[in-house]
file data.pdb (PDB, C-alpha atoms)
ATOM      1  CA  MET A   1      27.027  -8.851  -3.813
ATOM      2  CA  GLU A   2      23.725 -10.465  -2.902
ATOM      3  CA  ASN A   3      21.630  -8.679  -0.298
ATOM      4  CA  THR A   4      21.069 -11.123   2.556
ATOM      5  CA  THR A   5      19.338  -8.742   4.972
ATOM      6  CA  SER A   6      16.707 -10.608   6.971
ATOM      7  CA  VAL A   7      13.193  -9.352   7.631
ATOM      8  CA  ASP A   8      14.005  -8.968  11.333
ATOM      9  CA  GLN A   9      17.008  -6.735  10.616
ATOM     10  CA  VAL A  10      14.934  -4.080   8.862
ATOM     11  CA  THR A  11      12.250  -3.682  11.524
ATOM     12  CA  ALA A  12      14.296  -1.065  13.390
ATOM     13  CA  ASP A  13      14.302   1.303  10.422
ATOM     14  CA  LEU A  14      11.347   0.475   8.225
ATOM     15  CA  LEU A  15      10.217   3.821   6.854
ATOM     16  CA  PRO A  16      12.256   4.948   3.847
ATOM     17  CA  THR A  17      14.767   7.757   4.215
ATOM     18  CA  SER A  18      14.845  10.837   1.978
ATOM     19  CA  ARG A  19      17.730   9.261   0.076
ATOM     20  CA  GLU A  20      15.751   6.070  -0.511
ATOM     21  CA  LEU A  21      12.752   8.068  -1.704
ATOM     22  CA  ASP A  22      14.967  10.021  -4.100
ATOM     23  CA  LEU A  23      16.251   6.741  -5.534
ATOM     24  CA  LEU A  24      12.679   5.467  -5.872
ATOM     25  CA  PHE A  25      11.732   8.681  -7.699
ATOM     26  CA  GLN A  26      14.575   8.224 -10.203
ATOM     27  CA  GLN A  27      13.735   4.552 -10.703
ATOM     28  CA  LYS A  28      10.069   5.382 -11.262
ATOM     29  CA  HIS A  29      10.254   8.644 -13.225
ATOM     30  CA  GLY A  30      13.852   9.302 -14.243
ATOM     31  CA  ALA A  31      15.965  12.420 -13.619
ATOM     32  CA  PRO A  32      13.881  15.192 -11.947
ATOM     33  CA  GLU A  33      14.779  17.750 -14.621
ATOM     34  CA  ALA A  34      13.588  15.455 -17.426
ATOM     35  CA  VAL A  35      10.169  14.352 -16.151
ATOM     36  CA  GLY A  36       6.666  15.755 -16.540
ATOM     37  CA  TRP A  37       5.357  18.758 -14.640
ATOM     38  CA  ALA A  38       3.570  16.815 -11.874
ATOM     39  CA  PRO A  39       6.414  14.599 -10.583
ATOM     40  CA  GLN A  40       8.910  17.434 -11.137
ATOM     41  CA  ARG A  41       6.797  19.776  -9.021
ATOM     42  CA  ARG A  42       6.387  17.191  -6.243
ATOM     43  CA  PHE A  43      10.143  16.642  -6.216
ATOM     44  CA  ARG A  44      10.780  20.384  -5.994
ATOM     45  CA  PHE A  45       8.463  20.636  -2.987
ATOM     46  CA  GLY A  46      10.102  17.605  -1.378
ATOM     47  CA  TYR A  47       6.801  15.744  -1.400
ATOM     48  CA  TYR A  48       6.317  12.047  -2.175
ATOM     49  CA  LEU A  49       2.996  10.354  -2.810
ATOM     50  CA  PRO A  50       1.865   7.696  -0.309
ATOM     51  CA  ALA A  51       2.292   5.072  -3.059
ATOM     52  CA  ASP A  52       5.946   6.125  -3.420
ATOM     53  CA  ILE A  53       6.554   5.551   0.287
ATOM     54  CA  TYR A  54       4.768   2.178   0.149
ATOM     55  CA  GLU A  55       6.852   1.064  -2.842
ATOM     56  CA  SER A  56      10.100   2.196  -1.236
ATOM     57  CA  LEU A  57       9.191   0.388   1.987
ATOM     58  CA  LEU A  58       8.585  -2.868   0.102
ATOM     59  CA  SER A  59      11.907  -2.440  -1.678
ATOM     60  CA  LYS A  60      13.454  -2.886   1.764
ATOM     61  CA  LEU A  61      11.204  -5.704   2.939
ATOM     62  CA  VAL A  62      11.337  -7.938  -0.137
ATOM     63  CA  VAL A  63      14.545  -9.874   0.431
ATOM     64  CA  PRO A  64      16.040 -12.617  -1.767
ATOM     65  CA  GLY A  65      14.291 -15.956  -1.487
ATOM     66  CA  CYS A  66      11.233 -14.743   0.397
ATOM     67  CA  ALA A  67       7.646 -15.858  -0.123
ATOM     68  CA  TRP A  68       5.331 -12.922  -0.843
ATOM     69  CA  LEU A  69       1.536 -12.926  -0.717
ATOM     70  CA  ASP A  70      -0.099  -9.939  -2.434
ATOM     71  CA  ILE A  71      -3.775  -9.586  -1.491
ATOM     72  CA  GLY A  72      -6.399  -7.805  -3.559
ATOM     73  CA  GLY A  73      -3.973  -6.333  -6.066
ATOM     74  CA  GLY A  74      -5.914  -7.478  -9.098
ATOM     75  CA  GLN A  75      -3.784  -7.475 -12.215
ATOM     76  CA  ALA A  76      -0.882  -5.403 -10.829
ATOM     77  CA  ILE A  77       1.246  -5.229  -7.695
ATOM     78  CA  PHE A  78       2.200  -1.571  -8.224
ATOM     79  CA  PRO A  79      -0.149  -0.045 -10.842
ATOM     80  CA  GLU A  80       2.120   2.987 -11.365
ATOM     81  CA  ASN A  81       5.463   1.156 -11.142
ATOM     82  CA  PRO A  82       5.477  -2.138 -13.062
ATOM     83  CA  ARG A  83       9.260  -2.133 -13.423
ATOM     84  CA  LEU A  84       9.760  -2.192  -9.664
ATOM     85  CA  ALA A  85       7.091  -4.883  -9.310
ATOM     86  CA  ARG A  86       9.007  -7.144 -11.672
ATOM     87  CA  GLU A  87      12.310  -6.405  -9.970
ATOM     88  CA  LEU A  88      10.978  -7.261  -6.512
ATOM     89  CA  ALA A  89       9.133 -10.353  -7.746
ATOM     90  CA  SER A  90      12.381 -11.613  -9.283
ATOM     91  CA  ARG A  91      13.969 -11.620  -5.823
ATOM     92  CA  CYS A  92      11.328 -13.944  -4.437
ATOM     93  CA  GLU A  93      11.129 -17.704  -4.387
ATOM     94  CA  ARG A  94       7.350 -17.444  -4.520
ATOM     95  CA  VAL A  95       4.917 -14.600  -5.270
ATOM     96  CA  THR A  96       1.199 -15.355  -4.976
ATOM     97  CA  ALA A  97      -1.735 -13.050  -5.742
ATOM     98  CA  VAL A  98      -5.098 -13.643  -4.039
ATOM     99  CA  ASP A  99      -8.140 -11.648  -5.105
ATOM    100  CA  PRO A 100     -11.838 -12.484  -5.535
ATOM    101  CA  SER A 101     -11.908 -10.383  -8.718
ATOM    102  CA  VAL A 102     -11.365 -12.023 -12.098
ATOM    103  CA  ASN A 103      -8.722  -9.323 -12.652
ATOM    104  CA  VAL A 104      -6.213 -11.445 -10.730
ATOM    105  CA  LEU A 105      -6.104 -13.946 -13.598
ATOM    106  CA  GLN A 106      -4.485 -11.225 -15.725
ATOM    107  CA  ASN A 107      -1.696 -10.604 -13.204
ATOM    108  CA  ASP A 108       1.575 -11.518 -14.909
ATOM    109  CA  PHE A 109       3.814 -10.172 -12.137
ATOM    110  CA  VAL A 110       3.279 -13.199  -9.879
ATOM    111  CA  HIS A 111       4.054 -16.912  -9.949
ATOM    112  CA  GLU A 112       0.651 -18.079  -8.686
ATOM    113  CA  ARG A 113      -2.883 -16.683  -8.797
ATOM    114  CA  ALA A 114      -5.896 -17.580  -6.663
ATOM    115  CA  GLN A 115      -9.291 -16.081  -7.459
ATOM    116  CA  CYS A 116     -10.949 -16.239  -4.058
ATOM    117  CA  PHE A 117     -11.397 -14.320  -0.825
ATOM    118  CA  LEU A 118      -8.437 -14.413   1.529
ATOM    119  CA  GLU A 119     -10.444 -16.321   4.131
ATOM    120  CA  GLU A 120     -11.006 -19.112   1.569
ATOM    121  CA  TYR A 121      -7.346 -19.386   0.551
ATOM    122  CA  ARG A 122      -5.730 -22.407   2.224
ATOM    123  CA  PRO A 123      -2.347 -23.271   0.719
ATOM    124  CA  ASN A 124       0.062 -25.751   2.267
ATOM    125  CA  VAL A 125       2.697 -23.042   2.833
ATOM    126  CA  GLN A 126       3.103 -19.819   4.826
ATOM    127  CA  PHE A 127       4.519 -16.508   3.630
ATOM    128  CA  ASP A 128       7.276 -14.184   4.820
ATOM    129  CA  MET A 129       5.217 -11.161   3.868
ATOM    130  CA  ALA A 130       1.614 -10.275   3.011
ATOM    131  CA  THR A 131       0.804  -6.943   1.351
ATOM    132  CA  MET A 132      -2.501  -5.115   1.034
ATOM    133  CA  ARG A 133      -2.458  -2.050  -1.213
ATOM    134  CA  MET A 134      -5.763  -0.152  -1.120
ATOM    135  CA  VAL A 135      -7.623  -3.326  -0.160
ATOM    136  CA  VAL A 136      -8.793  -3.329   3.444
ATOM    137  CA  GLU A 137     -11.344  -0.552   2.865
ATOM    138  CA  HIS A 138     -13.286  -3.209   0.909
ATOM    139  CA  VAL A 139     -13.177  -5.853   3.666
ATOM    140  CA  SER A 140     -16.592  -6.583   5.186
ATOM    141  CA  SER A 141     -15.457  -9.043   7.917
ATOM    142  CA  PRO A 142     -12.200  -7.639   9.319
ATOM    143  CA  LYS A 143     -11.773 -10.142  12.165
ATOM    144  CA  ASP A 144     -11.995 -13.077   9.761
ATOM    145  CA  PHE A 145      -9.662 -11.309   7.336
ATOM    146  CA  VAL A 146      -6.941 -10.633   9.925
ATOM    147  CA  SER A 147      -7.372 -14.112  11.388
ATOM    148  CA  ALA A 148      -6.590 -15.500   7.930
ATOM    149  CA  LEU A 149      -3.453 -13.339   7.840
ATOM    150  CA  GLY A 150      -2.396 -14.882  11.153
ATOM    151  CA  ARG A 151      -2.705 -18.312   9.552
ATOM    152  CA  LEU A 152      -0.892 -17.387   6.327
ATOM    153  CA  VAL A 153       2.025 -15.269   7.601
ATOM    154  CA  LYS A 154       5.003 -17.134   9.058
ATOM    155  CA  PRO A 155       6.203 -16.450  12.610
ATOM    156  CA  GLY A 156       8.513 -13.454  12.213
ATOM    157  CA  GLY A 157       6.799 -12.457   8.965
ATOM    158  CA  MET A 158       5.200  -9.137   8.107
ATOM    159  CA  ALA A 159       1.759  -7.887   7.091
ATOM    160  CA  VAL A 160       1.851  -4.510   5.303
ATOM    161  CA  VAL A 161      -1.339  -2.448   5.053
ATOM    162  CA  PHE A 162      -1.630   0.615   2.804
ATOM    163  CA  THR A 163      -5.103   2.120   2.779
ATOM    164  CA  VAL A 164      -7.197   5.277   3.019
ATOM    165  CA  ASN A 165      -7.880   6.934   6.346
ATOM    166  CA  ARG A 166     -11.571   6.614   7.262
ATOM    167  CA  TRP A 167     -11.609  10.181   8.609
ATOM    168  CA  SER A 168     -10.008  11.916   5.639
ATOM    169  CA  PRO A 169     -12.329  14.136   3.549
ATOM    170  CA  ILE A 170     -12.353  11.939   0.435
ATOM    171  CA  ALA A 171     -13.204   8.801   2.429
ATOM    172  CA  LEU A 172     -16.027  10.625   4.184
ATOM    173  CA  LEU A 173     -17.412  11.803   0.845
ATOM    174  CA  SER A 174     -17.052   8.323  -0.598
ATOM    175  CA  TRP A 175     -19.076   6.910   2.280
ATOM    176  CA  ALA A 176     -21.844   9.451   1.688
ATOM    177  CA  ILE A 177     -22.007   9.219  -2.128
ATOM    178  CA  PRO A 178     -23.989   6.366  -3.769
ATOM    179  CA  PHE A 179     -21.743   3.615  -5.137
ATOM    180  CA  ARG A 180     -23.020   4.084  -8.710
ATOM    181  CA  LEU A 181     -21.294   7.480  -8.753
ATOM    182  CA  HIS A 182     -17.932   6.274  -7.442
ATOM    183  CA  HIS A 183     -16.400   5.333 -10.790
ATOM    184  CA  PRO A 184     -17.335   8.552 -12.663
ATOM    185  CA  ILE A 185     -15.780  10.605  -9.853
ATOM    186  CA  LYS A 186     -12.746   8.341  -9.576
ATOM    187  CA  ARG A 187     -12.176   8.468 -13.340
ATOM    188  CA  ARG A 188     -12.276  12.269 -13.319
ATOM    189  CA  PHE A 189      -9.692  12.729 -10.569
ATOM    190  CA  TRP A 190      -7.519   9.595 -10.631
ATOM    191  CA  GLY A 191      -8.370   7.651 -13.784
ATOM    192  CA  GLY A 192      -8.864   3.883 -13.804
ATOM    193  CA  GLU A 193     -11.339   1.381 -15.177
ATOM    194  CA  GLU A 194     -14.815   0.641 -13.872
ATOM    195  CA  GLU A 195     -13.815  -2.999 -13.269
ATOM    196  CA  ASP A 196     -11.321  -1.744 -10.663
ATOM    197  CA  THR A 197     -13.963   0.100  -8.599
ATOM    198  CA  PHE A 198     -15.453  -1.902  -5.708
ATOM    199  CA  PRO A 199     -17.823  -1.191  -2.795
ATOM    200  CA  VAL A 200     -16.227   0.151   0.391
ATOM    201  CA  HIS A 201     -16.933  -0.674   4.045
ATOM    202  CA  TYR A 202     -14.196   1.195   6.014
ATOM    203  CA  ARG A 203     -14.233  -1.311   8.881
ATOM    204  CA  MET A 204     -10.451  -1.377   9.286
ATOM    205  CA  ASN A 205      -9.503   2.119   8.174
ATOM    206  CA  THR A 206      -8.531   3.964  11.321
ATOM    207  CA  GLN A 207      -5.349   3.591  13.332
ATOM    208  CA  ALA A 208      -7.372   2.408  16.331
ATOM    209  CA  GLN A 209      -9.185  -0.268  14.316
ATOM    210  CA  LEU A 210      -5.973  -1.578  12.772
ATOM    211  CA  ARG A 211      -4.165  -1.695  16.116
ATOM    212  CA  CYS A 212      -6.997  -3.572  17.782
ATOM    213  CA  LEU A 213      -7.525  -6.077  14.953
ATOM    214  CA  PHE A 214      -3.875  -6.987  14.494
ATOM    215  CA  GLN A 215      -3.169  -7.119  18.220
ATOM    216  CA  ASP A 216      -6.085  -9.506  18.731
ATOM    217  CA  ALA A 217      -4.703 -11.704  15.929
ATOM    218  CA  GLY A 218      -1.305 -11.918  17.642
ATOM    219  CA  PHE A 219       0.627  -9.388  15.548
ATOM    220  CA  VAL A 220       2.991  -6.735  16.904
ATOM    221  CA  GLU A 221       2.808  -3.204  15.493
ATOM    222  CA  ARG A 222       6.061  -2.043  13.889
ATOM    223  CA  VAL A 223       4.847   1.010  11.958
ATOM    224  CA  LEU A 224       1.507   2.797  11.769
ATOM    225  CA  VAL A 225       1.644   6.276  10.268
ATOM    226  CA  LYS A 226      -0.435   8.787   8.337
ATOM    227  CA  LEU A 227       0.885   9.800   4.906
ATOM    228  CA  ASP A 228      -0.209  13.119   3.383
ATOM    229  CA  ASP A 229      -2.145  12.424   0.191
ATOM    230  CA  LEU A 230      -2.029  15.208  -2.407
ATOM    231  CA  SER A 231      -3.334  13.152  -5.311
ATOM    232  CA  VAL A 232      -6.848  14.633  -5.456
ATOM    233  CA  PHE A 233      -5.853  17.487  -7.759
ATOM    234  CA  GLY A 234      -2.766  15.815  -9.223
ATOM    235  CA  ARG A 235      -4.078  16.200 -12.791
ATOM    236  CA  PHE A 236      -4.870  19.913 -12.482
ATOM    237  CA  LYS A 237      -1.843  22.222 -12.594
ATOM    238  CA  ARG A 238      -3.182  25.205 -10.668
ATOM    239  CA  LEU A 239      -5.101  23.224  -8.065
ATOM    240  CA  ASN A 240      -2.163  20.871  -7.566
ATOM    241  CA  TYR A 241       0.150  23.835  -6.959
ATOM    242  CA  LEU A 242      -2.318  25.295  -4.460
ATOM    243  CA  GLU A 243      -2.564  21.922  -2.713
ATOM    244  CA  LEU A 244       1.221  21.716  -2.329
ATOM    245  CA  LEU A 245       1.365  25.291  -1.012
ATOM    246  CA  VAL A 246      -1.373  24.595   1.546
ATOM    247  CA  ARG A 247       0.471  21.506   2.779
ATOM    248  CA  THR A 248       3.707  23.510   3.101
ATOM    249  CA  VAL A 249       1.994  26.213   5.163
ATOM    250  CA  LEU A 250       0.238  23.683   7.396
ATOM    251  CA  LYS A 251       3.530  21.888   8.069
ATOM    252  CA  ARG A 252       5.196  25.154   9.085
ATOM    253  CA  VAL A 253       2.512  25.846  11.681
ATOM    254  CA  GLY A 254       2.419  22.255  12.901
ATOM    255  CA  VAL A 255      -1.009  21.306  11.524
ATOM    256  CA  SER A 256      -1.606  17.930   9.875
ATOM    257  CA  TYR A 257      -2.774  17.809   6.289
ATOM    258  CA  PRO A 258      -6.412  16.625   6.367
ATOM    259  CA  GLU A 259      -6.283  14.212   3.410
ATOM    260  CA  ASN A 260      -4.085  11.251   4.228
ATOM    261  CA  CYS A 261      -3.564   7.520   3.922
ATOM    262  CA  LEU A 262      -2.529   4.942   6.504
ATOM    263  CA  LEU A 263       0.566   2.758   6.241
ATOM    264  CA  GLY A 264       0.992  -0.019   8.773
ATOM    265  CA  VAL A 265       3.481  -2.837   9.242
ATOM    266  CA  PHE A 266       2.564  -5.617  11.658
ATOM    267  CA  GLN A 267       4.772  -8.571  12.527
ATOM    268  CA  ARG A 268       3.955 -12.018  13.816
ATOM    269  CA  PRO A 269       6.222 -12.784  16.781
ATOM    270  CA  ALA A 270       9.003 -15.202  15.919
ATOM    271  CA  ALA A 271       8.547 -18.808  16.992
ATOM    272  CA  ASP A 272      10.320 -19.920  20.145
ATOM    273  CA  PRO A 273      13.735 -21.432  19.388
TER     274      PRO A 273
END
call {"tool": "encode", "arguments": {"input": "data.pdb", "output": "structure tokens"}}
result
Amino acid sequence: MENTTSVDQVTADLLPTSRELDLLFQQKHGAPEAVGWAPQRRFRFGYYLPADIYESLLSKLVVPGCAWLDIGGGQAIFPENPRLARELASRCERVTAVDPSVNVLQNDFVHERAQCFLEEYRPNVQFDMATMRMVVEHVSSPKDFVSALGRLVKPGGMAVVFTVNRWSPIALLSWAIPFRLHHPIKRRFWGGEEEDTFPVHYRMNTQAQLRCLFQDAGFVERVLVKLDDLSVFGRFKRLNYLELLVRTVLKRVGVSYPENCLLGVFQRPAADP
């Protein structure tokens, strides 16, 4: 039976449940007992990466027939989950990728591609949803950027922001380290190509900044949370285990894990009937 849930109906319960995250894990990795050591260990600790939570959230928001604008995603919507990207894109009437990087021309998950800055993109349609995965840390003019979102998102539509927290240790180090060293460090800990490494500005990377910017642009905050990020040592067995143990201990004593990402959902108010 076709899912006909509207965007408005899911605003009351946006963040994925444990059951939904378990289903995402199986879709992405397979049965827990049959996967590699890293995802198996995360599953055993009951920990999900911020990207998992973002992907599961979009699984709820992408409804049949919607128009989806993916901003700054380059050649992939979900770099670690292409199967889900294709599944969600197949639900949509229209999926458009906008990115100033030439990488966007290689994006085969979408129906349309525009190589330009968001502020320059002026289609003759609006979108039900706009997504920004690890993008807004690169934005140099946040007011203009969010103003463009207000123009491109339909009344009642959603803007989803997934980004680093300006005050987390890795972001602070990134700000202090010369840009020429960013890719060698990134490659060592997370992998990736040099063409996917861009300068950062961190002008919309705190909860306060996001709230202020989206409120001024006429959006209503639906979700704005910190997500523990244990990906720094994800490639190193012993350090990864220590990282998971530290997070477990901190949770038991009520202390937040210092390394985290931000996930926000902002909605344009529906038009008057």
call {"tool": "resolve_selection", "arguments": {"input": "data.pdb", "expression": "the PyMOL selection byres ((chain A and resi 243-254) around 9)", "output": "list in words"}}
result
Arg41, Arg42, Phe45, Tyr47, Asp228, Leu230, Val232, Phe233, Gly234, Arg238, Leu239, Asn240, Tyr241, Leu242, Val255, Ser256 and Tyr257 of chain A
call {"tool": "residues_around", "arguments": {"input": "data.pdb", "residues": "Gly150 in chain A", "least_positions_apart": "4", "cutoff": "12 Å", "atoms": "all atoms listed in the file", "output": "ChimeraX atom specification"}}
result
/A:118-119,126-130,143-146,154-159,213-220,266-269
call {"tool": "residues_around", "arguments": {"input": "data.pdb", "residues": "range 59-72 of chain A", "least_positions_apart": "3", "cutoff": "8 Å", "atoms": "only C-alpha atoms", "output": "PyMOL selection string"}}
result
chain A and resi 3-7+10+14+55-56+77+88+91-101+118+126-133+135
call {"tool": "resolve_selection", "arguments": {"input": "data.pdb", "expression": "the PyMOL selection byres ((chain A and resi 200-208) around 8)", "output": "PyMOL selection string"}}
result
chain A and resi 136-142+163-167+175+198-199+209-213+224+262
call {"tool": "residues_around", "arguments": {"input": "data.pdb", "residues": "Phe43 in chain A", "least_positions_apart": "3", "cutoff": "12 Å", "atoms": "only C-alpha atoms", "output": "ChimeraX atom specification"}}
result
/A:18,21-26,29-40,46-49,52,244
call {"tool": "closest_residue", "arguments": {"input": "data.pdb", "among": "A:His111, A:Asn103, A:Arg235, A:Pro258", "to": "Ser90 in chain A", "atoms": "all atoms listed in the file"}}
result
A:His111
